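Beneath this line is the structure, given in structure tokens, with notes to follow.
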Amino acid sequence: REVLAEVTLSGPATEQADSAAPPAGRVYQLLPNKFPVASRHLLLVDGELSPQRLAPGPIDALAELLDACPAFSASFNSWGAAASINHLHIHLTDEVLPATRAPVEATGAVAANGAPLFRLEGYPAHHRAFSWRDASGRMALAAQLQACHAANVPYNVCFTPAGYAAVFARTRAQDETAWATYGERLGGFEMAGHFTAYQDETYAQVTKGAVASMLRAVSVPLP
């Protein structure tokens, strides 16, 4: 597969403010998606063999990349939530995903580290949102995903250009209605409201109401 670029990412500079030594970078590869479903659909792939889960290092690295590419959104599928391979990779696109257009509001609650929690106003899927632009928000996001790992709960994450990361915890099995309506397993793009129809029949069935129903059915409250 063609490699568009190799990038060395170490996370935002604010993460390194207390260290006199320069941060050690990690190499990621930018690849074109072989089967694109969005405009400029790219993959950010860890240059080392690592499992398909988001930890603090990759979250910081992705934040650095998104800061440098403000038109792009990112989508992540954990193992068990539509990931095709168990090797750390993140989907990128400059297409405007529906979830990124939703108004964001503070819930009034805070994470264990004091970072504020957010939600996408009126969005039908169960979710919780965090600020990926500040260190405390990224730490709270990492803690939330670690709780998913500990509970063996699959998840998707949508990183928006506005600076928020919405986490969607997933059911272990997709319900029959979603299969019958869409015919594909819902991944991060779908959880962000972006659906791709390959047949006229599917296109006709994927209405706004059907999408809302599917998103509610395949998501669960976060642990």
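Chain identifiers are assigned as A, B, and so on, following the order in which chains appear in the structure tokens; residues are numbered from 1 within each chain, and ligands are numbered from 1 in order of appearance.
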Inset, instruction - Give the helix (DSSP H, G or I) residues of region 15-202 of chain A, as DSSP finds them on the backbone, and put them as number ranges by chain. - result: A: 15-16, 56-68, 98-101, 135-151, 176-182, 188-191, 200-202
Output the selection as a compact mmCIF listing (two decimals), in the first residue's frame - N, CA and C atoms for each residue.
```
# COMPACT_ATOMS: atom_id res chain seq x y z
N GLU A 15 2.21 19.42 26.57
CA GLU A 15 2.41 18.19 27.32
C GLU A 15 3.85 18.06 27.80
N GLN A 16 4.78 18.80 27.13
CA GLN A 16 6.20 18.65 27.42
C GLN A 16 6.76 19.84 28.21
N PRO A 56 -3.03 7.25 26.00
CA PRO A 56 -2.63 8.66 26.04
C PRO A 56 -1.66 9.08 24.94
N GLY A 57 -0.66 8.25 24.63
CA GLY A 57 0.32 8.62 23.59
C GLY A 57 -0.32 8.87 22.24
N PRO A 58 -1.07 7.92 21.69
CA PRO A 58 -1.72 8.16 20.41
C PRO A 58 -2.75 9.30 20.43
N ILE A 59 -3.42 9.49 21.57
CA ILE A 59 -4.37 10.61 21.66
C ILE A 59 -3.62 11.93 21.53
N ASP A 60 -2.50 12.07 22.23
CA ASP A 60 -1.70 13.29 22.13
C ASP A 60 -1.15 13.48 20.71
N ALA A 61 -0.71 12.38 20.10
CA ALA A 61 -0.17 12.46 18.74
C ALA A 61 -1.24 12.90 17.76
N LEU A 62 -2.44 12.33 17.89
CA LEU A 62 -3.54 12.72 17.00
C LEU A 62 -3.91 14.18 17.20
N ALA A 63 -3.90 14.65 18.44
CA ALA A 63 -4.21 16.06 18.72
C ALA A 63 -3.19 16.97 18.02
N GLU A 64 -1.94 16.56 18.03
CA GLU A 64 -0.90 17.35 17.35
C GLU A 64 -1.18 17.43 15.86
N LEU A 65 -1.55 16.30 15.27
CA LEU A 65 -1.83 16.27 13.83
C LEU A 65 -3.06 17.10 13.49
N LEU A 66 -4.14 16.94 14.27
CA LEU A 66 -5.37 17.69 13.99
C LEU A 66 -5.17 19.19 14.19
N ASP A 67 -4.35 19.57 15.14
CA ASP A 67 -4.04 20.99 15.31
C ASP A 67 -3.38 21.56 14.06
N ALA A 68 -2.54 20.74 13.42
CA ALA A 68 -1.83 21.18 12.21
C ALA A 68 -2.69 21.08 10.96
N PRO A 98 -21.68 14.77 10.01
CA PRO A 98 -22.84 15.36 10.68
C PRO A 98 -22.63 15.65 12.17
N ALA A 99 -21.95 14.75 12.88
CA ALA A 99 -21.73 14.96 14.32
C ALA A 99 -20.92 16.22 14.58
N THR A 100 -20.06 16.60 13.63
CA THR A 100 -19.23 17.78 13.85
C THR A 100 -20.02 19.07 13.72
N ARG A 101 -21.24 18.98 13.17
CA ARG A 101 -22.10 20.16 13.04
C ARG A 101 -23.03 20.34 14.23
N ALA A 135 -4.79 19.57 27.74
CA ALA A 135 -4.21 18.37 28.33
C ALA A 135 -5.16 17.67 29.30
N SER A 136 -5.90 18.44 30.10
CA SER A 136 -6.79 17.80 31.07
C SER A 136 -7.93 17.07 30.36
N GLY A 137 -8.42 17.63 29.26
CA GLY A 137 -9.47 16.96 28.50
C GLY A 137 -8.98 15.66 27.89
N ARG A 138 -7.74 15.68 27.36
CA ARG A 138 -7.17 14.46 26.79
C ARG A 138 -6.94 13.41 27.86
N MET A 139 -6.52 13.84 29.05
CA MET A 139 -6.34 12.88 30.15
C MET A 139 -7.67 12.26 30.55
N ALA A 140 -8.73 13.08 30.60
CA ALA A 140 -10.06 12.55 30.94
C ALA A 140 -10.55 11.60 29.86
N LEU A 141 -10.29 11.92 28.61
CA LEU A 141 -10.66 11.04 27.50
C LEU A 141 -9.95 9.70 27.64
N ALA A 142 -8.64 9.74 27.90
CA ALA A 142 -7.87 8.50 28.04
C ALA A 142 -8.39 7.66 29.20
N ALA A 143 -8.77 8.31 30.29
CA ALA A 143 -9.31 7.58 31.45
C ALA A 143 -10.64 6.92 31.10
N GLN A 144 -11.48 7.64 30.33
CA GLN A 144 -12.75 7.06 29.91
C GLN A 144 -12.54 5.83 29.03
N LEU A 145 -11.59 5.92 28.10
CA LEU A 145 -11.33 4.78 27.22
C LEU A 145 -10.70 3.63 27.98
N GLN A 146 -9.88 3.93 28.98
CA GLN A 146 -9.31 2.87 29.81
C GLN A 146 -10.43 2.14 30.56
N ALA A 147 -11.45 2.87 31.00
CA ALA A 147 -12.59 2.23 31.65
C ALA A 147 -13.31 1.31 30.68
N CYS A 148 -13.40 1.70 29.41
CA CYS A 148 -13.99 0.82 28.39
C CYS A 148 -13.13 -0.43 28.21
N HIS A 149 -11.81 -0.24 28.16
CA HIS A 149 -10.91 -1.40 28.02
C HIS A 149 -11.10 -2.36 29.19
N ALA A 150 -11.15 -1.82 30.41
CA ALA A 150 -11.26 -2.64 31.61
C ALA A 150 -12.57 -3.42 31.64
N ALA A 151 -13.64 -2.79 31.10
CA ALA A 151 -14.94 -3.45 31.09
C ALA A 151 -15.17 -4.26 29.81
N GLU A 176 -30.77 -6.40 14.81
CA GLU A 176 -31.27 -6.87 13.52
C GLU A 176 -31.80 -5.72 12.66
N THR A 177 -32.36 -4.70 13.31
CA THR A 177 -32.92 -3.58 12.56
C THR A 177 -31.82 -2.84 11.81
N ALA A 178 -30.68 -2.61 12.46
CA ALA A 178 -29.57 -1.91 11.81
C ALA A 178 -29.02 -2.73 10.66
N TRP A 179 -28.90 -4.05 10.86
CA TRP A 179 -28.43 -4.91 9.77
C TRP A 179 -29.40 -4.84 8.60
N ALA A 180 -30.70 -4.93 8.88
CA ALA A 180 -31.70 -4.95 7.82
C ALA A 180 -31.76 -3.60 7.08
N THR A 181 -31.54 -2.52 7.81
CA THR A 181 -31.63 -1.18 7.20
C THR A 181 -30.39 -0.83 6.41
N TYR A 182 -29.21 -1.09 7.00
CA TYR A 182 -27.96 -0.60 6.41
C TYR A 182 -27.15 -1.72 5.75
N GLY A 188 -17.08 4.13 13.13
CA GLY A 188 -16.95 5.49 13.62
C GLY A 188 -17.58 6.54 12.72
N PHE A 189 -17.42 6.39 11.39
CA PHE A 189 -18.05 7.35 10.49
C PHE A 189 -19.57 7.30 10.63
N GLU A 190 -20.13 6.08 10.70
CA GLU A 190 -21.58 5.96 10.86
C GLU A 190 -22.04 6.53 12.19
N MET A 191 -21.29 6.26 13.26
CA MET A 191 -21.66 6.82 14.56
C MET A 191 -21.61 8.35 14.54
N ASP A 200 -29.37 1.24 -4.33
CA ASP A 200 -30.50 2.17 -4.27
C ASP A 200 -31.45 1.83 -3.13
N GLU A 201 -31.65 0.54 -2.91
CA GLU A 201 -32.56 0.11 -1.84
C GLU A 201 -32.06 0.58 -0.48
N THR A 202 -30.75 0.43 -0.25
CA THR A 202 -30.17 0.89 1.01
C THR A 202 -30.30 2.40 1.15
```
Inset, instruction - Please run DSSP on the backbone and report, as a PyMOL selection string, all residues within region 84-131 of chain A that come out as strand (DSSP E). - result: chain A and resi 89-93+104-110+116-120+128-131
Legend entry - Near-region 33-40 of chain A list (10 Å; only C-alpha atoms; drop same-chain fewer than 6 positions) as an MDAnalysis selection string: chainID A and resid 1:2 72 91:97 189 194:197
Just to be explicit: take each residue in the selection above, keep N, CA, C and O atoms, and write the result as a PDB file, in the first residue's frame.
```pdb
ATOM      1  N   ARG A   1       0.851  -1.198   0.000  1.00  0.00           N
ATOM      2  CA  ARG A   1       0.000   0.000   0.000  1.00  0.00           C
ATOM      3  C   ARG A   1       0.884   1.244   0.000  1.00  0.00           C
ATOM      4  O   ARG A   1       1.869   1.324   0.724  1.00  0.00           O
ATOM      5  N   GLU A   2       0.521   2.228  -0.832  1.00  0.00           N
ATOM      6  CA  GLU A   2       1.292   3.459  -0.947  1.00  0.00           C
ATOM      7  C   GLU A   2       1.305   4.238   0.367  1.00  0.00           C
ATOM      8  O   GLU A   2       0.281   4.422   1.018  1.00  0.00           O
ATOM      9  N   PHE A  72      -9.563  18.787   9.134  1.00  0.00           N
ATOM     10  CA  PHE A  72      -9.798  17.345   9.215  1.00  0.00           C
ATOM     11  C   PHE A  72     -10.507  16.933  10.503  1.00  0.00           C
ATOM     12  O   PHE A  72     -10.291  17.504  11.568  1.00  0.00           O
ATOM     13  N   HIS A  91      -8.939   6.781  11.243  1.00  0.00           N
ATOM     14  CA  HIS A  91      -9.452   7.305   9.984  1.00  0.00           C
ATOM     15  C   HIS A  91      -9.469   8.836  10.021  1.00  0.00           C
ATOM     16  O   HIS A  91      -9.854   9.436  11.025  1.00  0.00           O
ATOM     17  N   LEU A  92      -9.089   9.450   8.909  1.00  0.00           N
ATOM     18  CA  LEU A  92      -9.090  10.903   8.775  1.00  0.00           C
ATOM     19  C   LEU A  92      -9.868  11.294   7.528  1.00  0.00           C
ATOM     20  O   LEU A  92      -9.838  10.590   6.518  1.00  0.00           O
ATOM     21  N   THR A  93     -10.560  12.417   7.585  1.00  0.00           N
ATOM     22  CA  THR A  93     -11.250  12.951   6.414  1.00  0.00           C
ATOM     23  C   THR A  93     -11.420  14.456   6.559  1.00  0.00           C
ATOM     24  O   THR A  93     -11.524  14.969   7.686  1.00  0.00           O
ATOM     25  N   ASP A  94     -11.447  15.142   5.410  1.00  0.00           N
ATOM     26  CA  ASP A  94     -11.763  16.571   5.458  1.00  0.00           C
ATOM     27  C   ASP A  94     -13.231  16.815   5.140  1.00  0.00           C
ATOM     28  O   ASP A  94     -13.673  17.960   5.044  1.00  0.00           O
ATOM     29  N   GLU A  95     -14.007  15.725   4.975  1.00  0.00           N
ATOM     30  CA  GLU A  95     -15.446  15.869   4.769  1.00  0.00           C
ATOM     31  C   GLU A  95     -16.115  16.236   6.099  1.00  0.00           C
ATOM     32  O   GLU A  95     -15.716  15.742   7.155  1.00  0.00           O
ATOM     33  N   VAL A  96     -17.115  17.086   6.022  1.00  0.00           N
ATOM     34  CA  VAL A  96     -17.810  17.522   7.240  1.00  0.00           C
ATOM     35  C   VAL A  96     -18.757  16.405   7.676  1.00  0.00           C
ATOM     36  O   VAL A  96     -19.740  16.103   6.993  1.00  0.00           O
ATOM     37  N   LEU A  97     -18.466  15.780   8.805  1.00  0.00           N
ATOM     38  CA  LEU A  97     -19.317  14.721   9.334  1.00  0.00           C
ATOM     39  C   LEU A  97     -20.486  15.349  10.099  1.00  0.00           C
ATOM     40  O   LEU A  97     -20.310  16.366  10.783  1.00  0.00           O
ATOM     41  N   PHE A 189     -17.422   6.391  11.387  1.00  0.00           N
ATOM     42  CA  PHE A 189     -18.052   7.350  10.489  1.00  0.00           C
ATOM     43  C   PHE A 189     -19.568   7.301  10.631  1.00  0.00           C
ATOM     44  O   PHE A 189     -20.236   8.336  10.646  1.00  0.00           O
ATOM     45  N   HIS A 194     -22.317   9.648   9.263  1.00  0.00           N
ATOM     46  CA  HIS A 194     -21.928   9.568   7.851  1.00  0.00           C
ATOM     47  C   HIS A 194     -22.149   8.142   7.357  1.00  0.00           C
ATOM     48  O   HIS A 194     -21.424   7.220   7.742  1.00  0.00           O
ATOM     49  N   PHE A 195     -23.151   7.947   6.493  1.00  0.00           N
ATOM     50  CA  PHE A 195     -23.501   6.619   5.989  1.00  0.00           C
ATOM     51  C   PHE A 195     -23.213   6.541   4.494  1.00  0.00           C
ATOM     52  O   PHE A 195     -23.432   7.512   3.756  1.00  0.00           O
ATOM     53  N   THR A 196     -22.739   5.389   4.045  1.00  0.00           N
ATOM     54  CA  THR A 196     -22.439   5.163   2.636  1.00  0.00           C
ATOM     55  C   THR A 196     -23.337   4.051   2.111  1.00  0.00           C
ATOM     56  O   THR A 196     -23.288   2.926   2.614  1.00  0.00           O
ATOM     57  N   ALA A 197     -24.155   4.357   1.118  1.00  0.00           N
ATOM     58  CA  ALA A 197     -25.063   3.362   0.540  1.00  0.00           C
ATOM     59  C   ALA A 197     -24.502   2.875  -0.784  1.00  0.00           C
ATOM     60  O   ALA A 197     -24.132   3.682  -1.651  1.00  0.00           O
TER      61      ALA A 197
END
```
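Restricting the calculation to only C-alpha atoms, the smallest distance between Glu184 (chain A) and any of A:Leu43, A:Tyr198, A:Ala115, A:Arg26 is found for A:Tyr198.
For the residues A:Thr8, A:Thr107, A:Asn156, A:Ser73, ranking by smallest atom-to-atom distance to Gly47 (chain A) using only C-alpha atoms places A:Thr8 first.
With distances restricted to only C-alpha atoms, A:His89 is the closest residue to Ala74 (chain A) from A:Ser50, A:Leu31, A:Arg172, A:His89.
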Can you write out as JSON lines which residues of region 51-107 of chain A fall within 10 Å of region 168-171 of chain A, alongside each residue's closest atom pair and its distance in Å to one decimal, counting only C-alpha atoms and ordering rows by chain and ascending residue number?
```
{"residue": "A:Asn77", "atom": "CA", "partner": "A:Phe168", "partner_atom": "CA", "distance": 9.9}
{"residue": "A:Ser78", "atom": "CA", "partner": "A:Arg170", "partner_atom": "CA", "distance": 9.7}
{"residue": "A:Gly80", "atom": "CA", "partner": "A:Arg170", "partner_atom": "CA", "distance": 8.5}
{"residue": "A:Ala81", "atom": "CA", "partner": "A:Arg170", "partner_atom": "CA", "distance": 6.7}
```
Inset, instruction - Give me, please, the distance in Å between CA of Gln199 (chain A) and CA of Gly187 (chain A), quoted to one decimal. - result: 18.6 Å
Legend entry - Atom pair CA of Ser213 (chain A) / CA of Val167 (chain A): separation (Å):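 Taking CA of Ser213 (chain A) as the start and CA of Val167 (chain A) as the end point, the length is 17.9 Å.
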